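S.K.: Here you go, my_file_24.txt (compact mmCIF, C-alpha atoms):
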```txt
# COMPACT_ATOMS: atom_id res chain seq x y z
CA MET A 1349 -81.50 -97.81 -2.79
CA SER A 1350 -78.72 -96.03 -1.02
CA THR A 1351 -78.55 -95.47 2.73
CA PRO A 1352 -78.70 -91.81 3.70
CA GLU A 1353 -75.43 -90.52 5.09
CA LYS A 1354 -75.41 -89.39 8.69
CA LYS A 1355 -74.02 -85.94 9.00
CA GLY A 1356 -71.38 -85.59 11.73
CA THR A 1357 -71.85 -83.03 14.44
CA ASN A 1358 -69.28 -80.24 14.31
CA PHE A 1359 -68.53 -79.60 17.97
CA THR A 1360 -66.21 -76.76 17.15
CA GLU A 1361 -69.17 -74.85 15.77
CA LYS A 1362 -71.39 -75.58 18.76
CA LEU A 1363 -68.89 -74.63 21.50
CA THR A 1364 -67.94 -71.04 22.14
CA PRO A 1365 -64.27 -70.73 22.96
CA VAL A 1366 -63.51 -69.23 26.39
CA ARG A 1367 -60.63 -66.82 26.60
CA LEU A 1368 -59.01 -65.62 29.82
CA VAL A 1369 -58.60 -61.90 29.45
CA LEU A 1370 -55.57 -61.07 31.56
CA ASP A 1371 -55.99 -57.37 31.20
CA SER A 1372 -59.61 -57.29 32.29
CA PRO A 1373 -60.40 -54.59 34.90
CA ARG A 1374 -61.27 -57.16 37.55
CA LEU A 1375 -58.04 -59.14 37.23
CA LYS A 1376 -55.96 -56.02 36.84
CA SER A 1377 -57.45 -54.60 40.03
CA ALA A 1378 -56.70 -57.81 41.92
CA SER A 1379 -53.11 -57.76 40.68
CA GLU A 1380 -52.64 -54.15 41.71
CA ASP A 1381 -54.12 -54.86 45.15
CA ALA A 1382 -51.68 -57.73 45.61
CA ASN A 1383 -48.79 -55.49 44.55
CA PHE A 1384 -49.96 -52.78 46.92
CA THR A 1385 -50.13 -55.20 49.85
CA ALA A 1386 -46.68 -56.62 49.09
CA CYS A 1387 -45.18 -53.15 48.67
CA LYS A 1388 -46.71 -51.88 51.89
CA ALA A 1389 -45.36 -54.84 53.86
CA ARG A 1390 -41.89 -54.36 52.41
CA LEU A 1391 -42.07 -50.61 52.95
CA LYS A 1392 -42.96 -51.15 56.60
CA ALA A 1393 -39.88 -53.36 57.06
CA ILE A 1394 -37.64 -50.77 55.36
CA VAL A 1395 -38.95 -47.92 57.51
CA SER A 1396 -38.42 -50.00 60.65
CA LEU A 1397 -34.84 -50.75 59.58
CA LEU A 1398 -34.15 -47.07 58.90
CA GLN A 1399 -35.36 -46.15 62.38
CA ASP A 1400 -33.30 -48.91 64.03
CA ASN A 1401 -30.20 -47.88 62.10
CA TYR A 1402 -30.59 -44.26 63.18
CA SER A 1403 -30.80 -45.35 66.81
CA LYS A 1404 -27.57 -47.31 66.32
CA TRP A 1405 -26.02 -44.28 64.62
CA GLN A 1406 -26.86 -42.02 67.58
CA LEU A 1407 -25.45 -44.54 70.06
CA ALA A 1408 -22.23 -44.88 68.04
CA GLN A 1409 -22.01 -41.09 67.83
CA LYS A 1410 -22.18 -40.75 71.63
CA ARG A 1411 -19.72 -43.58 72.27
CA GLY A 1412 -17.30 -42.17 69.73
CA THR A 1413 -17.47 -38.71 71.28
CA THR A 1414 -16.64 -40.18 74.69
CA ILE A 1415 -13.68 -42.07 73.23
CA CYS A 1416 -12.36 -39.01 71.36
CA THR A 1417 -12.59 -36.95 74.54
CA SER A 1418 -10.70 -39.64 76.48
CA ILE A 1419 -7.97 -39.85 73.84
CA GLU A 1420 -7.62 -36.08 73.81
CA ALA A 1421 -7.33 -36.01 77.62
CA ILE A 1422 -4.67 -38.76 77.66
CA LYS A 1423 -2.61 -37.07 74.96
CA THR A 1424 -2.99 -33.65 76.57
CA ARG A 1425 -1.66 -34.96 79.89
CA ALA A 1426 1.27 -36.48 78.01
CA LEU A 1427 2.07 -33.13 76.41
CA GLU A 1428 1.77 -31.32 79.72
CA THR A 1429 4.12 -33.83 81.32
CA LYS A 1430 6.65 -33.31 78.56
CA GLU A 1431 6.50 -29.56 78.94
CA SER A 1432 6.93 -29.74 82.70
CA CYS A 1433 9.85 -32.15 82.40
CA ASN A 1434 11.32 -30.10 79.56
CA GLN A 1435 12.85 -33.20 77.98
CA ILE A 1436 13.13 -34.37 74.38
CA ILE A 1437 10.88 -37.08 72.99
CA GLY A 1438 13.58 -39.73 72.86
CA GLU A 1439 14.27 -39.45 76.59
CA HIS A 1440 10.64 -39.46 77.62
CA ARG A 1441 9.00 -41.62 75.01
CA ASP A 1442 6.62 -43.50 77.35
CA THR A 1443 5.01 -40.23 78.41
CA ILE A 1444 4.61 -38.89 74.88
CA TYR A 1445 3.11 -42.18 73.64
CA PRO A 1446 1.15 -43.49 76.62
CA ASN A 1447 -0.08 -47.07 76.36
CA GLY A 1448 -3.58 -45.91 77.27
CA LEU A 1449 -4.04 -44.54 73.75
CA LYS A 1450 -4.01 -47.93 72.03
CA PRO A 1451 -7.26 -49.50 73.29
CA TYR A 1452 -9.17 -46.27 72.75
CA ALA A 1453 -7.89 -45.93 69.20
CA LYS A 1454 -8.91 -49.52 68.46
CA LYS A 1455 -12.42 -48.93 69.80
CA LEU A 1456 -12.75 -45.79 67.68
CA ARG A 1457 -11.91 -47.75 64.52
CA LEU A 1458 -14.61 -50.28 65.38
CA ILE A 1459 -17.17 -47.54 65.92
CA ALA A 1460 -16.24 -45.94 62.60
CA SER A 1461 -17.02 -49.29 60.93
CA ILE A 1462 -20.55 -49.14 62.41
CA PHE A 1463 -21.22 -45.93 60.47
CA GLU A 1464 -20.00 -47.59 57.31
CA ASP A 1465 -22.32 -50.58 57.85
CA ILE A 1466 -25.32 -48.30 58.41
CA THR A 1467 -24.51 -46.36 55.23
CA LYS A 1468 -24.36 -49.58 53.20
CA SER A 1469 -27.63 -50.78 54.73
CA THR A 1470 -29.32 -47.49 53.79
CA GLU A 1471 -28.04 -47.80 50.24
CA ASP A 1472 -29.55 -51.29 50.07
CA SER A 1473 -32.89 -49.94 51.34
CA LEU A 1474 -32.80 -47.34 48.59
CA ARG A 1475 -32.30 -50.03 45.95
CA GLN A 1476 -35.25 -51.98 47.33
CA LEU A 1477 -37.50 -48.91 47.21
CA ILE A 1478 -36.54 -48.24 43.60
CA SER A 1479 -37.39 -51.87 42.77
CA LEU A 1480 -40.78 -51.51 44.49
CA SER A 1481 -41.55 -48.44 42.41
CA ARG A 1482 -41.41 -50.61 39.28
CA PHE A 1483 -44.34 -52.75 40.42
CA PRO A 1484 -47.49 -51.96 38.42
CA GLY A 1485 -49.85 -49.75 40.35
CA SER A 1486 -47.44 -49.00 43.21
CA LYS A 1487 -45.86 -45.77 42.07
CA ASP A 1488 -48.85 -43.47 42.55
CA LYS A 1489 -50.33 -45.12 45.64
CA VAL A 1490 -50.45 -43.53 49.09
CA PHE A 1491 -49.33 -46.26 51.46
CA TYR A 1492 -49.99 -44.67 54.83
CA ARG A 1493 -50.96 -41.01 55.23
CA SER A 1494 -49.80 -38.81 52.38
CA TRP A 1495 -46.48 -40.01 50.92
CA HIS A 1496 -46.17 -41.70 47.57
CA LEU A 1497 -43.37 -44.16 46.97
CA SER A 1498 -41.37 -41.49 45.14
CA GLN A 1499 -41.30 -39.43 48.35
CA TYR A 1500 -39.90 -42.36 50.30
CA ILE A 1501 -37.23 -42.78 47.62
CA ASN A 1502 -36.34 -39.10 47.75
CA PHE A 1503 -36.09 -39.20 51.53
CA VAL A 1504 -33.80 -42.25 51.60
CA GLU A 1505 -31.63 -40.77 48.83
CA GLN A 1506 -31.01 -37.71 50.98
CA LEU A 1507 -30.49 -39.76 54.11
CA HIS A 1508 -27.97 -42.02 52.36
CA GLY A 1509 -26.08 -38.99 51.04
CA ARG A 1510 -25.80 -37.52 54.53
CA TYR A 1511 -24.74 -40.82 56.03
CA ARG A 1512 -22.09 -41.28 53.36
CA LYS A 1513 -20.57 -37.83 53.88
CA GLU A 1514 -20.63 -38.10 57.66
CA THR A 1515 -19.07 -41.57 57.52
CA GLU A 1516 -16.17 -40.10 55.57
CA VAL A 1517 -15.62 -37.60 58.40
CA LYS A 1518 -15.75 -40.34 61.05
CA GLN A 1519 -13.27 -42.50 59.14
CA TYR A 1520 -10.96 -39.51 58.72
CA VAL A 1521 -11.02 -38.82 62.47
CA ALA A 1522 -10.42 -42.50 63.29
CA ARG A 1523 -7.43 -42.57 60.94
CA LYS A 1524 -6.05 -39.39 62.46
CA TRP A 1525 -6.27 -40.71 66.01
CA THR A 1526 -4.59 -44.00 65.09
CA GLY A 1527 -2.06 -42.54 62.66
CA GLU A 1528 -1.03 -38.92 63.05
CA LEU A 1529 -2.36 -37.71 66.39
CA PRO A 1530 -0.30 -40.04 68.60
CA HIS A 1531 2.68 -38.05 67.26
CA CYS A 1532 0.83 -34.74 67.53
CA MET A 1533 2.45 -32.00 69.62
CA SER A 1534 -0.32 -29.39 69.28
CA ARG A 1535 -3.38 -29.22 71.49
CA ALA A 1536 -5.21 -27.30 68.75
CA ASP A 1537 -5.00 -30.34 66.45
CA LEU A 1538 -6.35 -32.59 69.19
CA ILE A 1539 -9.31 -30.30 69.85
CA CYS A 1540 -10.01 -29.95 66.13
CA CYS A 1541 -10.29 -33.71 65.66
CA THR A 1542 -12.54 -34.21 68.69
CA THR A 1543 -14.77 -31.36 67.55
CA ALA A 1544 -15.11 -32.85 64.05
CA TRP A 1545 -16.53 -36.01 65.63
CA GLU A 1546 -18.59 -34.39 68.38
CA TYR A 1547 -20.42 -31.90 66.14
CA PRO A 1548 -21.61 -33.70 62.97
CA GLN A 1549 -21.81 -31.66 59.78
CA TYR A 1550 -24.28 -33.81 57.87
CA VAL A 1551 -26.21 -36.10 60.23
CA ASP A 1552 -27.65 -33.32 62.31
CA VAL A 1553 -30.96 -31.90 63.56
CA TRP A 1554 -32.40 -32.16 60.02
CA THR A 1555 -31.85 -35.90 60.07
CA SER A 1556 -33.52 -36.34 63.44
CA LEU A 1557 -36.49 -34.19 62.41
CA THR A 1558 -37.10 -35.90 59.06
CA LEU A 1559 -36.88 -39.35 60.63
CA ALA A 1560 -39.49 -38.20 63.14
CA PHE A 1561 -41.69 -37.17 60.18
CA LEU A 1562 -41.07 -40.57 58.60
CA ARG A 1563 -42.14 -42.31 61.80
CA GLU A 1564 -45.37 -40.30 61.98
CA GLU A 1565 -46.09 -40.74 58.25
CA SER A 1566 -45.72 -44.50 58.44
CA LYS A 1567 -47.94 -45.16 61.45
```
Is it possible to give me this structure as structure tokens?
M.R.:
Amino acid sequence: MSTPEKKGTNFTEKLTPVRLVLDSPRLKSASEDANFTACKARLKAIVSLLQDNYSKWQLAQKRGTTICTSIEAIKTRALETKESCNQIIGEHRDTIYPNGLKPYAKKLRLIASIFEDITKSTEDSLRQLISLSRFPGSKDKVFYRSWHLSQYINFVEQLHGRYRKETEVKQYVARKWTGELPHCMSRADLICCTTAWEYPQYVDVWTSLTLAFLREESK
């Protein structure tokens, strides 16, 4: 008489496999919320940096205007002295090239470098915003009042473009004051260079107004 065989239990048939569905609505929502929070925090830091940089830009603009005016005054007095003495440059060289020009010209070059640094910083902020827009669920979100991320990107693109063009003007003026204008014999050229610095062509009232909008939008 044979012993009955004991059938083995097939656990694989009794257990239901559990799968983690990564694209389930609940997990997807949690992921998007995390992205939104991270993007908003980074966006806040970028907006704060943009505001701080604009304050630095305005300060550098005022300081540069004062320096340009001082250089123009020093050079103008030198020209007036030459005319009154009615002597050639070689005989009156110290008056035509007063030593007072040198420290002012050096300061102006340093201030021009501030504009360049701010422009580079704004370009970096733009790259960060573009990277944030690639996060899932961040592109169409309203982070504060009404702006989507694309509107922040558009704003910073325009701001960077204006900074870049105005920086080129500032660098041109700084080069003129340290290169050509010490030899300049025309008051018109002196006034033209000071005016180019004092009255910005690109970073103007529009810039101030839109940054005020940005500040209100991001409260």
S.K.: Counting only C-alpha atoms, what are the residues of range 1490-1539 of chain A within 12 Å of range 1397-1421 of chain A, and for each of them which pair of atoms is the nearest and at what distance in Å, to one decimal? Sort the table by chain and rising number, as a Markdown table.
M.R.:
```
| residue | atom | partner | partner_atom | distance |
| --- | --- | --- | --- | --- |
| A:Tyr1500 | CA | A:Leu1398 | CA | 11.4 |
| A:Phe1503 | CA | A:Leu1398 | CA | 11.0 |
| A:Val1504 | CA | A:Leu1398 | CA | 8.8 |
| A:Leu1507 | CA | A:Leu1398 | CA | 9.5 |
| A:His1508 | CA | A:Leu1398 | CA | 10.3 |
| A:Arg1510 | CA | A:Tyr1402 | CA | 12.0 |
| A:Tyr1511 | CA | A:Trp1405 | CA | 9.3 |
| A:Glu1514 | CA | A:Gln1409 | CA | 10.7 |
| A:Thr1515 | CA | A:Trp1405 | CA | 10.3 |
| A:Val1517 | CA | A:Gln1409 | CA | 11.9 |
| A:Lys1518 | CA | A:Gly1412 | CA | 9.0 |
| A:Gln1519 | CA | A:Gly1412 | CA | 11.3 |
| A:Val1521 | CA | A:Cys1416 | CA | 9.0 |
| A:Ala1522 | CA | A:Cys1416 | CA | 9.0 |
| A:Lys1524 | CA | A:Cys1416 | CA | 10.9 |
| A:Trp1525 | CA | A:Ile1419 | CA | 8.1 |
| A:Thr1526 | CA | A:Ile1419 | CA | 10.3 |
| A:Leu1529 | CA | A:Glu1420 | CA | 9.2 |
| A:Pro1530 | CA | A:Ile1419 | CA | 9.3 |
| A:Cys1532 | CA | A:Glu1420 | CA | 10.6 |
| A:Met1533 | CA | A:Glu1420 | CA | 11.6 |
| A:Ser1534 | CA | A:Glu1420 | CA | 10.9 |
| A:Arg1535 | CA | A:Glu1420 | CA | 8.4 |
| A:Ala1536 | CA | A:Glu1420 | CA | 10.4 |
| A:Asp1537 | CA | A:Glu1420 | CA | 9.7 |
| A:Leu1538 | CA | A:Glu1420 | CA | 5.9 |
| A:Ile1539 | CA | A:Glu1420 | CA | 7.2 |
```
S.K.: For the atom pair CA of Ala1386 in chain A and CA of Glu1464 in chain A, what is the interatomic distance in Å to one decimal place?
M.R.: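 Interatomic distance here is 29.3 Å.
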S.K.: Please, what distance in Å, to one decimal, runs between CA of Ala1560 in chain A and CA of His1496 in chain A?
M.R.: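 So the answer is 17.3 Å.
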S.K.: Please report the interatomic distance between CA of Trp1545 in chain A and CA of Asn1502 in chain A in Å with one decimal.
M.R.: 26.9 Å
S.K.: Under the rule that only C-alpha atoms are counted, which of A:Leu1456, A:Asp1472, A:Gln1506, A:Ser1481 is the nearest residue to Thr1558 in chain A?
M.R.: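 Counting only C-alpha atoms, the residue closest to Thr1558 in chain A is A:Gln1506.
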S.K.: Give the answer as one residue: which of A:Arg1523, A:His1531, A:Lys1513, A:Lys1489 has the shortest atom-to-atom distance to Arg1457 in chain A, using all atoms listed in the file?
M.R.: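 Using all atoms listed in the file, Arg1457 in chain A sits closest to A:Arg1523.
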S.K.: Could you tell me which of A:Ile1459, A:Leu1497, A:Ala1544, A:Ile1394 comes closest to Arg1563 in chain A if we count all atoms listed in the file?
M.R.: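 Answer, going by the shortest atom-to-atom distance: A:Ile1394.
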S.K.: Using only C-alpha atoms, which of A:Pro1484, A:Val1490, A:Ala1426, A:Ser1396 sits nearest Thr1470 in chain A?
M.R.: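 Of A:Pro1484, A:Val1490, A:Ala1426, A:Ser1396, the one nearest Thr1470 in chain A, counting only C-alpha atoms, is A:Ser1396.
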S.K.: Please complete range 1473-1488 of chain A so it has N, CA, C and O atoms, and hand it over as an mmCIF file, keeping the file's coordinate frame.
M.R.:
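selection_30.cif, freshly written:
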```
data_model
loop_
_atom_site.group_PDB
_atom_site.id
_atom_site.type_symbol
_atom_site.label_atom_id
_atom_site.label_comp_id
_atom_site.auth_asym_id
_atom_site.auth_seq_id
_atom_site.Cartn_x
_atom_site.Cartn_y
_atom_site.Cartn_z
ATOM 1 N N SER A 1473 -31.473 -50.299 51.201
ATOM 2 C CA SER A 1473 -32.890 -49.940 51.340
ATOM 3 C C SER A 1473 -33.344 -49.075 50.170
ATOM 4 O O SER A 1473 -34.471 -49.231 49.669
ATOM 5 N N LEU A 1474 -32.475 -48.190 49.740
ATOM 6 C CA LEU A 1474 -32.800 -47.340 48.590
ATOM 7 C C LEU A 1474 -33.004 -48.180 47.336
ATOM 8 O O LEU A 1474 -33.959 -47.958 46.575
ATOM 9 N N ARG A 1475 -32.145 -49.163 47.119
ATOM 10 C CA ARG A 1475 -32.300 -50.030 45.950
ATOM 11 C C ARG A 1475 -33.619 -50.806 46.008
ATOM 12 O O ARG A 1475 -34.285 -50.988 44.989
ATOM 13 N N GLN A 1476 -33.994 -51.254 47.187
ATOM 14 C CA GLN A 1476 -35.250 -51.980 47.330
ATOM 15 C C GLN A 1476 -36.447 -51.078 47.026
ATOM 16 O O GLN A 1476 -37.413 -51.515 46.380
ATOM 17 N N LEU A 1477 -36.402 -49.847 47.483
ATOM 18 C CA LEU A 1477 -37.500 -48.910 47.210
ATOM 19 C C LEU A 1477 -37.635 -48.640 45.716
ATOM 20 O O LEU A 1477 -38.748 -48.566 45.185
ATOM 21 N N ILE A 1478 -36.515 -48.470 45.049
ATOM 22 C CA ILE A 1478 -36.540 -48.240 43.600
ATOM 23 C C ILE A 1478 -37.143 -49.455 42.889
ATOM 24 O O ILE A 1478 -37.922 -49.314 41.938
ATOM 25 N N SER A 1479 -36.820 -50.645 43.360
ATOM 26 C CA SER A 1479 -37.390 -51.870 42.770
ATOM 27 C C SER A 1479 -38.901 -51.913 43.002
ATOM 28 O O SER A 1479 -39.671 -52.302 42.112
ATOM 29 N N LEU A 1480 -39.339 -51.522 44.190
ATOM 30 C CA LEU A 1480 -40.780 -51.510 44.490
ATOM 31 C C LEU A 1480 -41.528 -50.544 43.591
ATOM 32 O O LEU A 1480 -42.681 -50.796 43.212
ATOM 33 N N SER A 1481 -40.891 -49.446 43.247
ATOM 34 C CA SER A 1481 -41.550 -48.440 42.410
ATOM 35 C C SER A 1481 -41.827 -48.943 40.993
ATOM 36 O O SER A 1481 -42.612 -48.341 40.263
ATOM 37 N N ARG A 1482 -41.209 -50.044 40.621
ATOM 38 C CA ARG A 1482 -41.410 -50.610 39.280
ATOM 39 C C ARG A 1482 -42.593 -51.578 39.239
ATOM 40 O O ARG A 1482 -42.975 -52.041 38.171
ATOM 41 N N PHE A 1483 -43.153 -51.899 40.398
ATOM 42 C CA PHE A 1483 -44.340 -52.750 40.420
ATOM 43 C C PHE A 1483 -45.519 -51.998 39.831
ATOM 44 O O PHE A 1483 -45.727 -50.834 40.149
ATOM 45 N N PRO A 1484 -46.309 -52.635 38.978
ATOM 46 C CA PRO A 1484 -47.490 -51.960 38.420
ATOM 47 C C PRO A 1484 -48.445 -51.512 39.515
ATOM 48 O O PRO A 1484 -48.785 -52.264 40.422
ATOM 49 N N GLY A 1485 -48.855 -50.269 39.417
ATOM 50 C CA GLY A 1485 -49.850 -49.750 40.350
ATOM 51 C C GLY A 1485 -49.309 -49.309 41.692
ATOM 52 O O GLY A 1485 -50.082 -48.885 42.553
ATOM 53 N N SER A 1486 -47.996 -49.359 41.906
ATOM 54 C CA SER A 1486 -47.440 -49.000 43.210
ATOM 55 C C SER A 1486 -46.906 -47.568 43.255
ATOM 56 O O SER A 1486 -46.818 -46.967 44.324
ATOM 57 N N LYS A 1487 -46.560 -47.045 42.107
ATOM 58 C CA LYS A 1487 -45.860 -45.770 42.070
ATOM 59 C C LYS A 1487 -46.717 -44.607 42.565
ATOM 60 O O LYS A 1487 -46.231 -43.712 43.254
ATOM 61 N N ASP A 1488 -48.002 -44.609 42.221
ATOM 62 C CA ASP A 1488 -48.850 -43.470 42.550
ATOM 63 C C ASP A 1488 -49.756 -43.721 43.749
ATOM 64 O O ASP A 1488 -50.683 -42.952 44.001
#
```
